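Asks: Below you'll find the structure I mean.
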Amino acid sequence: MARQVIQSVYDLPVMPLTIQDMTWNKTGTWRYMVPVIRDKIPPCRAACPLGNPIANVIGMMKRGDMDGALALLLRCNPLPGITGRLCYHPCQAKCLRKELDSPVAIWTLERYAADHGVVPRPEKPAATGKRAAVLGSGPAGLTCGFLLALNGVDVHILEPAARPGGFLNRVSTDKLEPGVLQREIERLVDVSGLHIETGITTLDPAGFDRVMVDESAYDPNEEYAAVINRLCSRLSGRRTPAPLNEAFSGFKPSQVAHAIGLGLRMAGVVAAELGIALREQGPDAEGPVIKKEDIQIDRFQESASAGFSEKNRPLDKAGAMAEAVRCLSCGTCNLCQRCVISCPDACIDLDETETRIVLDLYHCKGCGICAYECPRGVLTMEGEA
Amino acid sequence: MKKVMMGTEAAALAAVLARVQVVAAYPITPQTVTVEELSDYIGSGRLKAEFLTVESEHSAMAACVAASATGARAFTATSSQGLALMHEMLHYASSGRLPIVMLNANRALATPWNLYCDHTDALSQRDTGWVQCYCADVQDVMDSTLIAYKVAESTMVPVMINLDGFYLTHTSEIVDVPDQEAVDRFLPAFQPECKVDVEAPSTFGAVCGADLYMSLKYRRQKDTLGVEKVWSEVAEDFAARFERRHPVLDPYRMDHAEVALVVLGTASGTARLAADALRLEGVAAGALRLSMFRPFPKQAIVSALGGVRHVVVIDRDVSIGAEGIVAQEIKACLYGRHHAHVHGFIAGIGGVDVTVDMLRGIVKQALGGQETAIALNESYWVEVLP
């Protein structure tokens with residue numbers, strides 16, 4: 001705009017307003033506290049033996065994206081249909097929704113995503129040229145193999161028994177309906193590209209860079225552990241896995257998430273030994289675990305829906321959506337945009353992709369209204385770096 | 001169409017006829033009926049407007065300020081303590097040049113608690129830059145509210161329409177309600193020259209240096225003084241359309257009057273009867289109602305007083321520590337321009353009735369010139385304990 005010389009008050013607008021916008025005034029220099037948008041760890045995720053990004057998964061379900069929810073679950077849990085039926089769901093005990101009415105039925109939602117989501121096989125990762133074998137196909141072995149295969153390792157799961165799944169094959173059918181285990185394992189194989197060989201009686205260790213033993217593999221057949229240990233004993237000259245404890249009686253069905261967690265840790269150790277960097281297993285979240293004081297519980301409304309139930313009844317889509325919207329998304333930005341609306345200086349907005357909140361720190365004065373308005377503890381005021 | 005209604009109902013109906021777009025108000029006796037009526041009008045869909053329930057009068061005016069800045073026609077109503085609580089925002093509205101129209105039901109300020117008529121609430125706000133009108137009857141409330149929007153929007157100065165608490169807010173009269181089409185022709189939609197606009201962003205009420213601040217004040221003073229002329233023109237236009245006149249001064253039997261009773265609001269009717277009675281008793285009395293108090297219509301008052309020798313001012317208010325506020329203003333207005341004696345009387349505050357006999361007595365007292373208060377040129381308090 002051309003420079004305007006004011007010669008009379010009547011050259012000015014009748015209202016006392018600036019003739020141009022005020023973006024030249026970089027009011028960000030006034031700031032001594034800065035808003036920081038950072039996802040924190042919700043208490044459900046902290047309580048999950050697998051660190052499932054529960055709020056993110058349910059966030060996708062809220063939007064009706066069941067496939068996306070399942071894909072996200074599969075990044076750190078290859079058997080969500082199993083955990084969604086068997087896990088003792090410590091996540092729900094910590095759900096902050098109980099401060100308002102009752103916890104979100106996280107367990108039931110996980111089951112819904114596993115039963116109804118469809119995941120395309122991810123792009124084949126760049127091959128690392130490494131080969132690994134896992135003795136035993138319990139949930140730990142399957143998980144370890146799944147994660148390594150997703151990261152470009154040629155994984156062979158060697159199972160002495162006739163069927164893969166280890167102790168999951170012996171869970172009563174009222175807890176795990178017939179066919180679910182097979183479906184879950186087929187998806188796991190399909191997604192990761194690992195190989196499962198059953199009825200194994202011999203092992204040629206020469207072709208593998210690393211051989212692991214699934215410690216969760218247990219079979220009441222008293223020869224099972226002996227077979228595994230016999231196979232292990234042939235691994236002379238290589239790093240030998242610890243032999244299976246023949247007295248170990250296996251995980252309980254409700255502890256399946258701990259077995260999967262064991263598999264995640266096994267994969268991490270082996271990847272480090274093989275010099276492979278594992279891809280992110282879930283959305284990043286740092287910092288402290290969200291507490292009820294961090295959540296503005298009075299900004300949420302009580303829901304009429306039933307919520308948590310000890311009975312793990314399967315949901316229909318409407319029921320799943322209705323349950324998903326009850327999630328407070330603790331510590332997890334769900335683009336509610338309360339911060340955008342509340343900023344008096346219009347310094348907060350969605351980015352062009354409309355998937356992220358961005359701050360204009362050239363103009364943000366650090367008033368902190370956004371942090372006050374954020375109902376879920378994502379946006380907080382911190383000292384200037 | 002003629003209807004029987006109270007002053008509070010007339011104010012609400014006038015806001016409906018003016019097609020206000022935002023109402024933000026907090027109920028307070030004796031204004032409450034206006035807010036209730038508007039709530040009903042909006043709730044039933046008769047008026048397409050946003051009704052903002054707020055937690056205080058300060059917020060009510062803040063909401064009207066924001067609404068008006070976006071170009072919406074905004075209305076609110078309050079009284080007494082509520083008006084006092086709005087004080088800060090009253091400055092904001094007028095200096096922001098936001099043409100809000102507000103009803104104020106004149107009521108005494110606490111403490112002690114009192115719900116009755118008293119003008120100190122509004123007159124305490126005389127320096128906030130709002131146009132102030134004081135109504136004589138229910139028809140005046142209806143018409144002045146409509147005129148007020150047109151004047152406010154053409155001068156960008158907010159207007160406060162004052163109604164005497166209970167005498168006017170709760171008294172029913174026959175009112176000629178104008179047709180909506182006729183009102184629409186008289187008062188077209190508000191089209192401000194500038195408003196909050198995301199396509200052309202600017203900062204409203206930004207920091208302003210000393211030099212420009214003073215110049216902007218000077219412009220506001222000139223524009224606000226100009227409201228008297230604009231009101232007169234708009235009132236003429238209104239009279240041509242609706243055959244009712246609402247000038248800034250409302251004189252009665254002022255021709256060849258030697259004594260003038262100067263009043264605000266509903267005491268006007270009583271003052272007229274007192275003037276009639278005094279004329280029968282041989283005193284050439286007239287009555288002069290100031291329908292506009294801000295801007296103070298100085299020249300019109302000087303002309304209206306003509307050959308008057310005694311100006312008897314009835315103040316339903318007081319500036320504690322000084323005198324009646326209207327008397328002060330009249331004295332300042334006449335100083336150097338007119339040689340009449342000005343006699344100030346404080347009467348009818350906190351709901352005391354102003355009667356014809358009281359006014360006859362006051363005039364005779366003024367003409368006698370015996371009371372100490374008058375000799376000292378201070379306000380004389382009528383009907384108080386010694």
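By convention here, the chains of the structure tokens are called A, B, ... in the order presented, each chain's residues are numbered starting at 1, and ligands are numbered starting at 1 in the order presented.
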With only C-alpha atoms counted and 6 Å as the cut-off, give the residues of chain B in contact with chain A, each with its shortest interatomic distance in Å and the pair that gives it, as a tab-separated table.
Replies:
residue	atom	partner	partner_atom	distance
B:Gly96	CA	A:Met15	CA	5.6
B:Arg97	CA	A:Met15	CA	5.4
B:Pro201	CA	A:Asp21	CA	5.2
B:Ser202	CA	A:Asp21	CA	4.3
B:Thr203	CA	A:Thr18	CA	5.3
B:Phe204	CA	A:Leu17	CA	4.3
B:Gly205	CA	A:Pro16	CA	5.6
Asks: Deliver the residues from the most recent selection as a file, using N, CA and C atoms, as a compact mmCIF listing (two decimals), in the first residue's frame.
Replies:
# COMPACT_ATOMS: atom_id res chain seq x y z
N GLY B 96 -15.31 3.45 20.11
CA GLY B 96 -15.17 2.54 18.97
C GLY B 96 -16.10 2.91 17.82
N ARG B 97 -16.93 3.92 18.05
CA ARG B 97 -17.91 4.40 17.05
C ARG B 97 -18.84 3.25 16.63
N PRO B 201 -8.18 -7.31 6.78
CA PRO B 201 -7.92 -7.28 8.23
C PRO B 201 -7.34 -5.95 8.70
N SER B 202 -7.81 -5.52 9.84
CA SER B 202 -7.20 -4.37 10.50
C SER B 202 -7.45 -4.56 11.98
N THR B 203 -6.70 -3.80 12.77
CA THR B 203 -6.82 -3.93 14.22
C THR B 203 -7.73 -2.84 14.74
N PHE B 204 -8.74 -3.24 15.51
CA PHE B 204 -9.70 -2.29 16.07
C PHE B 204 -9.24 -1.89 17.46
N GLY B 205 -9.24 -0.59 17.70
CA GLY B 205 -8.88 -0.12 19.03
C GLY B 205 -7.43 -0.39 19.37
Asks: Might you pull out every residue within 9 Å of B:Ser80, with only C-alpha atoms counted and same-chain residues fewer than 4 positions away left off, and present them as an MDAnalysis selection string?
Replies: chainID B and resid 28:29 84:85 104:110 115 118:122
Asks: Keeping only all heavy atoms, take the residues you just selected and write them out as a tab-separated table (two decimals), in the first residue's frame.
Replies:
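Wrote out-v2.tsv, looks like this:
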chain	number	residue	atom	x	y	z
B	28	ILE	N	-32.63	-7.15	34.80
B	28	ILE	CA	-32.55	-6.38	36.05
B	28	ILE	C	-33.84	-5.58	36.16
B	28	ILE	O	-34.28	-4.97	35.19
B	28	ILE	CB	-31.30	-5.46	36.08
B	28	ILE	CG1	-31.26	-4.63	37.38
B	28	ILE	CG2	-31.24	-4.55	34.87
B	28	ILE	CD1	-29.95	-3.87	37.58
B	29	THR	N	-34.43	-5.59	37.33
B	29	THR	CA	-35.62	-4.76	37.58
B	29	THR	C	-35.22	-3.30	37.46
B	29	THR	O	-34.17	-2.93	37.98
B	29	THR	CB	-36.16	-5.03	39.00
B	29	THR	OG1	-36.45	-6.41	39.11
B	29	THR	CG2	-37.39	-4.21	39.30
B	84	ALA	N	-24.14	0.86	35.73
B	84	ALA	CA	-22.89	1.22	36.40
B	84	ALA	C	-21.80	0.19	36.10
B	84	ALA	O	-20.65	0.54	35.86
B	84	ALA	CB	-23.12	1.34	37.90
B	85	LEU	N	-22.21	-1.08	36.09
B	85	LEU	CA	-21.23	-2.14	35.81
B	85	LEU	C	-20.73	-2.06	34.37
B	85	LEU	O	-19.61	-2.45	34.07
B	85	LEU	CB	-21.86	-3.51	36.09
B	85	LEU	CG	-20.96	-4.73	35.95
B	85	LEU	CD1	-19.72	-4.62	36.82
B	85	LEU	CD2	-21.72	-5.99	36.31
B	104	ASN	N	-32.26	2.03	28.90
B	104	ASN	CA	-31.91	2.06	30.32
B	104	ASN	C	-33.15	2.45	31.10
B	104	ASN	O	-33.74	3.50	30.87
B	104	ASN	CB	-30.78	3.05	30.60
B	104	ASN	CG	-30.44	3.07	32.08
B	104	ASN	OD1	-30.08	2.06	32.65
B	104	ASN	ND2	-30.59	4.24	32.69
B	105	ALA	N	-33.55	1.56	32.02
B	105	ALA	CA	-34.67	1.86	32.89
B	105	ALA	C	-34.12	2.59	34.11
B	105	ALA	O	-33.38	2.01	34.90
B	105	ALA	CB	-35.36	0.57	33.30
B	106	ASN	N	-34.43	3.88	34.22
B	106	ASN	CA	-33.82	4.69	35.28
B	106	ASN	C	-34.28	4.22	36.65
B	106	ASN	O	-35.46	4.19	36.95
B	106	ASN	CB	-34.21	6.17	35.10
B	106	ASN	CG	-33.71	6.72	33.79
B	106	ASN	OD1	-34.50	7.02	32.89
B	106	ASN	ND2	-32.42	6.82	33.66
B	107	ARG	N	-33.32	3.86	37.46
B	107	ARG	CA	-33.59	3.33	38.79
B	107	ARG	C	-32.50	3.81	39.73
B	107	ARG	O	-31.35	3.98	39.32
B	107	ARG	CB	-33.62	1.79	38.72
B	107	ARG	CG	-33.54	1.11	40.05
B	107	ARG	CD	-33.40	-0.40	39.88
B	107	ARG	NE	-32.55	-0.92	40.92
B	107	ARG	CZ	-32.21	-2.19	41.05
B	107	ARG	NH1	-32.65	-3.09	40.19
B	107	ARG	NH2	-31.44	-2.59	42.03
B	108	ALA	N	-32.89	3.98	41.00
B	108	ALA	CA	-31.94	4.50	41.99
B	108	ALA	C	-30.79	3.53	42.20
B	108	ALA	O	-30.95	2.32	42.10
B	108	ALA	CB	-32.67	4.72	43.32
B	109	LEU	N	-29.62	4.10	42.48
B	109	LEU	CA	-28.44	3.29	42.76
B	109	LEU	C	-28.38	2.94	44.24
B	109	LEU	O	-28.71	3.76	45.09
B	109	LEU	CB	-27.18	4.06	42.36
B	109	LEU	CG	-26.94	4.18	40.84
B	109	LEU	CD1	-26.06	5.38	40.54
B	109	LEU	CD2	-26.29	2.92	40.29
B	110	ALA	N	-27.90	1.75	44.50
B	110	ALA	CA	-27.70	1.30	45.88
B	110	ALA	C	-26.48	2.04	46.45
B	110	ALA	O	-25.65	2.53	45.68
B	110	ALA	CB	-27.48	-0.20	45.93
B	115	LEU	N	-35.54	0.23	44.11
B	115	LEU	CA	-35.82	-0.17	42.74
B	115	LEU	C	-36.47	0.94	41.93
B	115	LEU	O	-36.78	0.75	40.76
B	115	LEU	CB	-36.76	-1.39	42.73
B	115	LEU	CG	-36.27	-2.62	43.49
B	115	LEU	CD1	-37.35	-3.69	43.49
B	115	LEU	CD2	-34.99	-3.16	42.88
B	118	ASP	N	-35.12	7.15	39.34
B	118	ASP	CA	-34.05	8.06	39.72
B	118	ASP	C	-33.16	8.17	38.50
B	118	ASP	O	-32.86	7.16	37.86
B	118	ASP	CB	-33.28	7.46	40.90
B	118	ASP	CG	-32.29	8.42	41.54
B	118	ASP	OD1	-31.54	9.09	40.79
B	118	ASP	OD2	-32.25	8.48	42.78
B	119	HIS	N	-32.75	9.38	38.15
B	119	HIS	CA	-31.95	9.55	36.92
B	119	HIS	C	-30.45	9.52	37.15
B	119	HIS	O	-29.68	9.66	36.19
B	119	HIS	CB	-32.32	10.87	36.24
B	119	HIS	CG	-33.73	10.89	35.71
B	119	HIS	ND1	-34.46	12.05	35.60
B	119	HIS	CD2	-34.53	9.90	35.25
B	119	HIS	CE1	-35.67	11.77	35.11
B	119	HIS	NE2	-35.73	10.48	34.89
B	120	THR	N	-30.01	9.35	38.41
B	120	THR	CA	-28.57	9.42	38.67
B	120	THR	C	-27.81	8.32	37.94
B	120	THR	O	-26.66	8.49	37.56
B	120	THR	CB	-28.28	9.35	40.18
B	120	THR	OG1	-29.15	10.27	40.84
B	120	THR	CG2	-26.85	9.72	40.50
B	121	ASP	N	-28.47	7.16	37.73
B	121	ASP	CA	-27.77	6.07	37.04
B	121	ASP	C	-27.30	6.50	35.65
B	121	ASP	O	-26.13	6.38	35.31
B	121	ASP	CB	-28.63	4.79	36.98
B	121	ASP	CG	-29.96	4.95	36.25
B	121	ASP	OD1	-30.34	6.10	35.93
B	121	ASP	OD2	-30.62	3.91	35.98
B	122	ALA	N	-28.23	7.08	34.87
B	122	ALA	CA	-27.86	7.46	33.50
B	122	ALA	C	-27.00	8.71	33.48
B	122	ALA	O	-26.03	8.80	32.72
B	122	ALA	CB	-29.11	7.66	32.66
Asks: May I have the residues within 10 Å of stretch 57-62 of chain B as a ChimeraX atom specification, using only C-alpha atoms and disregarding those fewer than 3 positions away in the same chain?
Replies: /B:23-28,52-54,65-68,74-79,81-90,92-93,100,102
Asks: Within stretch 270-304 of chain B, find each residue whose DSSP state, derived from the backbone, is strand (DSSP E or B), and express the selection as JSON, numbers by chain.
Replies: {"B": [285, 286, 287, 288, 289, 290, 292, 293, 294]}
Asks: List the spatial neighbours of stretch 364-377 of chain A as number ranges by chain - criterion: any atom at most 8 Å away, only C-alpha atoms, same-chain residues fewer than 2 positions off excluded.
Replies: A: 27-35, 40, 290, 294-297, 299, 328-333, 338-340, 342-343, 345, 347, 359-362, 379-381
Asks: Give me the residues within 7 Å of stretch 342-356 of chain B as number ranges by chain, counting only C-alpha atoms and dropping any in the same chain fewer than 2 places off.
Replies: B: 108, 114, 116-118, 267, 270-271, 273-274, 310-317, 324, 327, 331, 340, 358-360, 366, 374, 378-382
Asks: Write out as a PyMOL selection string the residues lying within 7 Å of stretch 33-50 of chain B, counting only C-alpha atoms and excluding same-chain residues fewer than 3 positions away.
Replies: chain B and resi 8-9+11-12+16+19-23+25+27
Asks: If you keep N, CA, C and O atoms, can you produce a file of those selected residues as a PDB file, in the first residue's frame?
Replies:
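Output file again-v5.pdb follows:
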ATOM      1  N   THR B   8     -41.507  -1.125  28.748  1.00  0.00           N
ATOM      2  CA  THR B   8     -40.532  -2.196  28.508  1.00  0.00           C
ATOM      3  C   THR B   8     -40.924  -3.037  27.296  1.00  0.00           C
ATOM      4  O   THR B   8     -40.069  -3.460  26.518  1.00  0.00           O
ATOM      5  N   GLU B   9     -42.243  -3.251  27.134  1.00  0.00           N
ATOM      6  CA  GLU B   9     -42.706  -4.029  25.979  1.00  0.00           C
ATOM      7  C   GLU B   9     -42.522  -3.233  24.685  1.00  0.00           C
ATOM      8  O   GLU B   9     -42.164  -3.795  23.641  1.00  0.00           O
ATOM      9  N   ALA B  11     -40.211  -1.057  24.092  1.00  0.00           N
ATOM     10  CA  ALA B  11     -38.787  -1.067  23.731  1.00  0.00           C
ATOM     11  C   ALA B  11     -38.433  -2.365  23.015  1.00  0.00           C
ATOM     12  O   ALA B  11     -37.718  -2.365  22.002  1.00  0.00           O
ATOM     13  N   ALA B  12     -38.941  -3.482  23.532  1.00  0.00           N
ATOM     14  CA  ALA B  12     -38.657  -4.779  22.911  1.00  0.00           C
ATOM     15  C   ALA B  12     -39.255  -4.840  21.508  1.00  0.00           C
ATOM     16  O   ALA B  12     -38.594  -5.283  20.558  1.00  0.00           O
ATOM     17  N   VAL B  16     -37.567  -5.282  17.739  1.00  0.00           N
ATOM     18  CA  VAL B  16     -38.014  -6.252  16.734  1.00  0.00           C
ATOM     19  C   VAL B  16     -38.258  -5.543  15.407  1.00  0.00           C
ATOM     20  O   VAL B  16     -37.799  -5.993  14.350  1.00  0.00           O
ATOM     21  N   ARG B  19     -35.401  -4.764  13.450  1.00  0.00           N
ATOM     22  CA  ARG B  19     -34.730  -5.977  12.982  1.00  0.00           C
ATOM     23  C   ARG B  19     -33.309  -6.066  13.537  1.00  0.00           C
ATOM     24  O   ARG B  19     -32.340  -6.267  12.792  1.00  0.00           O
ATOM     25  N   VAL B  20     -33.190  -5.917  14.848  1.00  0.00           N
ATOM     26  CA  VAL B  20     -31.860  -6.050  15.457  1.00  0.00           C
ATOM     27  C   VAL B  20     -31.368  -7.482  15.232  1.00  0.00           C
ATOM     28  O   VAL B  20     -32.159  -8.417  15.145  1.00  0.00           O
ATOM     29  N   GLN B  21     -30.067  -7.613  15.095  1.00  0.00           N
ATOM     30  CA  GLN B  21     -29.491  -8.929  14.768  1.00  0.00           C
ATOM     31  C   GLN B  21     -28.857  -9.607  15.970  1.00  0.00           C
ATOM     32  O   GLN B  21     -28.684 -10.822  15.980  1.00  0.00           O
ATOM     33  N   VAL B  22     -28.464  -8.817  16.953  1.00  0.00           N
ATOM     34  CA  VAL B  22     -27.863  -9.395  18.163  1.00  0.00           C
ATOM     35  C   VAL B  22     -28.450  -8.702  19.388  1.00  0.00           C
ATOM     36  O   VAL B  22     -28.524  -7.468  19.435  1.00  0.00           O
ATOM     37  N   VAL B  23     -28.906  -9.502  20.323  1.00  0.00           N
ATOM     38  CA  VAL B  23     -29.346  -8.990  21.621  1.00  0.00           C
ATOM     39  C   VAL B  23     -28.480  -9.679  22.672  1.00  0.00           C
ATOM     40  O   VAL B  23     -28.410 -10.908  22.706  1.00  0.00           O
ATOM     41  N   ALA B  25     -28.061  -9.310  26.744  1.00  0.00           N
ATOM     42  CA  ALA B  25     -28.584  -8.548  27.872  1.00  0.00           C
ATOM     43  C   ALA B  25     -28.679  -9.419  29.105  1.00  0.00           C
ATOM     44  O   ALA B  25     -28.710 -10.651  29.026  1.00  0.00           O
ATOM     45  N   PRO B  27     -30.925  -9.576  32.760  1.00  0.00           N
ATOM     46  CA  PRO B  27     -32.147  -8.989  33.317  1.00  0.00           C
ATOM     47  C   PRO B  27     -31.894  -8.232  34.626  1.00  0.00           C
ATOM     48  O   PRO B  27     -31.052  -8.632  35.420  1.00  0.00           O
TER      49      PRO B  27
END
Asks: So which bits of stretch 41-176 of chain B end up alpha helix (DSSP H) when you DSSP the backbone, as a ChimeraX atom specification?
Replies: /B:41-43,57-69,80-85,87-95,120-123,138-155
Asks: What does the structure give for the distance between atom CA of B:Pro247 and atom CA of B:Leu13, in Å to one decimal?
Replies: 21.6 Å
Asks: List the spatial neighbours of B:Val230 as a CSV table (one decimal) with N, CA, C and O atoms, in the first residue's frame - criterion: any atom at most 8 Å away, only C-alpha atoms, same-chain residues fewer than 4 positions off excluded.
Replies:
chain,number,residue,atom,x,y,z
B,151,VAL,N,-30.2,7.4,13.7
B,151,VAL,CA,-29.3,8.5,14.1
B,151,VAL,C,-27.9,7.8,14.4
B,151,VAL,O,-26.9,8.3,14.0
B,155,THR,N,-24.4,8.5,12.3
B,155,THR,CA,-23.4,9.3,13.0
B,155,THR,C,-22.3,8.4,13.6
B,155,THR,O,-21.3,8.9,14.0
B,226,GLY,N,-22.8,17.0,16.5
B,226,GLY,CA,-23.6,17.0,15.3
B,226,GLY,C,-24.8,16.1,15.3
B,226,GLY,O,-25.7,16.2,14.5
B,234,VAL,N,-33.7,13.5,11.2
B,234,VAL,CA,-34.3,12.1,11.2
B,234,VAL,C,-35.7,12.2,11.8
B,234,VAL,O,-36.6,11.5,11.3
Asks: Which one is closest to A:Ala322: A:Leu74, A:Thr355, A:Ser303, A:Leu168? Count only C-alpha atoms.
Replies: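 The answer is A:Ser303, which sits nearest to A:Ala322.
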Asks: Quote the spacing between atom CA of B:Asp137 and atom CA of B:Leu168 in Å to one decimal place.
Replies: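 Straight-line distance from atom CA of B:Asp137 to atom CA of B:Leu168 works out to 6.4 Å.
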